[in-house]
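Just below is one structure, and these are the notes that go with it.
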Amino acid sequence: MSSLHLRLPATSANLGAAFDTAAIALTAYLSIEAEAADVFRIEASGRNPEQCGQIENNLIFETYKSLMTREGKIPVPLAIRMENGIPLGMGMGSSAAGRLAAIAMATHFGGLGWSSERILAEACALEGHPDNAAACWLGGLVVASEFGGGLHYVRVEAPKAWKALVVLPGKPLATSEARAVLPEQYSRADVVANVQAASLLGLAFAQARADLLPAAMADRVHQPYRASICALLPKLLPLAGRGGIHGVALSGAGPAVILVIDAAAEPEARETLKAALMGEEAEVLAVNFALSGGGFE
Ligand SMILES: Nc1ncnc2c1ncn2[C@@H]1O[C@H](COP(=O)(O)OP(=O)(O)O)[C@@H](O)[C@H]1O
Ligand SMILES: N[C@@H](CCOP(=O)(O)O)C(=O)O
């Protein structure tokens with residue numbers, strides 16, 4: 001059987017108000033070369049190589065095996081060579097990329113015949129929200145809805161003049177933990193504020209309206225509750241609209257924070273960021289917005 005090569009981008013979900021709805025693909029990648037083998041093997045390099053290289057309880061192998069079994073196939077053991085550019089547990093969509101890789105491998109090695117749309121739908125179901133998986137598979141900025149049990153989405157390309165600085169703290173945070181702090185109910189004022197911001201967001205990206213980003217990336221649904229477990233967020237939120245930085249939001253469920261900046265103003269944005277960090281240890285990852293996702297067909 002032929003080998004399978006996959007290249008899946010990191011994603012930053014929510015972008016503030018578009019909680020569980022929008023995400024943007026970034027130019028940091030999970031690359032995988034997989035082939036049928038006698039036993040399961042992984043050779044991992046890049047970020048978090050120990051965790052990525054574990055055979056037991058590995059998200060990718062577990063997802064692959066459970067899908068194959070569910071579809072009545074014997075899970076063919078796989079040998080994987082992985083180069084991982086997506087930090088795990090930082091809010092950059094590593095689990096969405098990993099799950100999509102597993103589903104694509106089950107499709108290929110199990111001969112499932114699933115379309116690209118079906119692969120994406122399976123990933124959204126496993127993730128429990130469609131944002132990261134849709135942007136990872138399709139590229140660009142994707143707004144997705146699960147209205148009526150189906151997946152509905154639209155994709156736009158981010159303005160070429162914009163890029164992002166993703167600010168990573170030292171310790172990861174599991175998405176499940178960051179979801180557990182959210183309330184079950186919200187006031188009408190909070191919901192209206194988020195509908196306004198999220199509606200602006202898509203149009204601000206589509207029309208390159210950097211002036212709208214401070215308002216379009218404001219959020220009252222998840223960030224206020226996650227601020228206590230994502231220490232960089234309250235420090236960096238006030239930078240929106242200042243010193244070359246257009247908008248600021250928690251990246252996905254955190255703990256990383258994404259700054260949308262003018263590419264031409266990167267040195268100024270870095271200076272503004274450095275001053276706000278006040279010597280606090282953080283890695284700054286500069287990325288462009290990825291136009292292509294990992295999907296095939
Ligand atoms: N390349 C990978 N290889 C193995 N496991 C992975 C990989 N990427 C993600 N994971 C699993 O997903 C977890 C992170 O998922 P999650 O908490 O949703 O954070 P995020 O998606 O923001 O990185 C990791 O702790 C690990 O269990
Ligand atoms: N909408 C989700 C996004 C989670 O993204 P991740 O990259 O942190 O897995 C949420 O905010 O919980």
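How things are named: the first chain in the structure tokens is A, the next is B, and so on; residues count from 1 in each chain; ligands count from 1 in the order shown.
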
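Running DSSP on the backbone gives alpha helix (DSSP H) for these residues within range 206-282 of chain A: Ala206, Leu213, Pro214, Ala215, Ala216, Gln223, Pro224, Tyr225, Arg226, Leu232, Leu233, Pro234, Lys235, Leu236, Glu266, Pro267, Glu268, Ala269, Arg270, Glu271, Thr272, Leu273, Lys274, Ala275, Ala276 and Leu277 of chain A.
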
>> Can you work out which residues are within 7 Å of ligand 1, considering only C-alpha atoms and all ligand atoms, and then hand them over as a PyMOL selection string?
In response: chain A and resi 30+51-53+58-60+84+87-98+173-176+252-254

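For the set A:Ile86, A:Val221, A:Met105, A:Cys124, the residue with the smallest atom-to-atom gap to Ser187 in chain A is A:Val221, counting only C-alpha atoms.
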
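Each of A:Thr69, A:Thr63, A:Ser31, A:Asn14 was compared to ligand 2 using only C-alpha atoms and all ligand atoms, and A:Asn14 turns out to be the nearest.
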
>> For range 139-156 of chain A, find every residue with an atom within 6 Å (counting only C-alpha atoms), except residues of its own chain fewer than 6 positions away, and show them as a list in words.
In response: Thr21, Ala22, Ala23, Ile24, Ala25, Ala290, Leu291, Ser292 and Gly293 of chain A

Selection above as a file: N, CA and C atoms, as a CSV table (one decimal), in the first residue's frame:
chain,number,residue,atom,x,y,z
A,21,THR,N,-16.4,29.1,16.8
A,21,THR,CA,-17.0,29.4,15.5
A,21,THR,C,-15.9,29.7,14.4
A,22,ALA,N,-14.9,30.5,14.8
A,22,ALA,CA,-13.9,30.9,13.7
A,22,ALA,C,-12.5,30.5,14.2
A,23,ALA,N,-11.7,30.3,13.2
A,23,ALA,CA,-10.3,30.0,13.4
A,23,ALA,C,-9.5,30.4,12.2
A,24,ILE,N,-8.2,30.6,12.4
A,24,ILE,CA,-7.3,31.0,11.3
A,24,ILE,C,-6.1,30.1,11.2
A,25,ALA,N,-5.8,29.7,10.0
A,25,ALA,CA,-4.6,28.7,9.9
A,25,ALA,C,-3.3,29.6,9.9
A,290,ALA,N,-1.8,31.1,7.0
A,290,ALA,CA,-1.6,30.0,6.0
A,290,ALA,C,-2.8,30.1,5.1
A,291,LEU,N,-2.6,30.1,3.8
A,291,LEU,CA,-3.7,30.1,2.8
A,291,LEU,C,-4.2,28.7,2.6
A,292,SER,N,-3.3,27.7,2.7
A,292,SER,CA,-3.8,26.3,2.4
A,292,SER,C,-3.9,25.5,3.7
A,293,GLY,N,-4.9,24.6,3.7
A,293,GLY,CA,-5.0,23.7,4.8
A,293,GLY,C,-4.4,22.4,4.4

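Minimum distance to Ser3 in chain A across A:Leu203, A:Val257, A:Ala36, A:Ala276 (counting only C-alpha atoms) occurs at A:Ala36.
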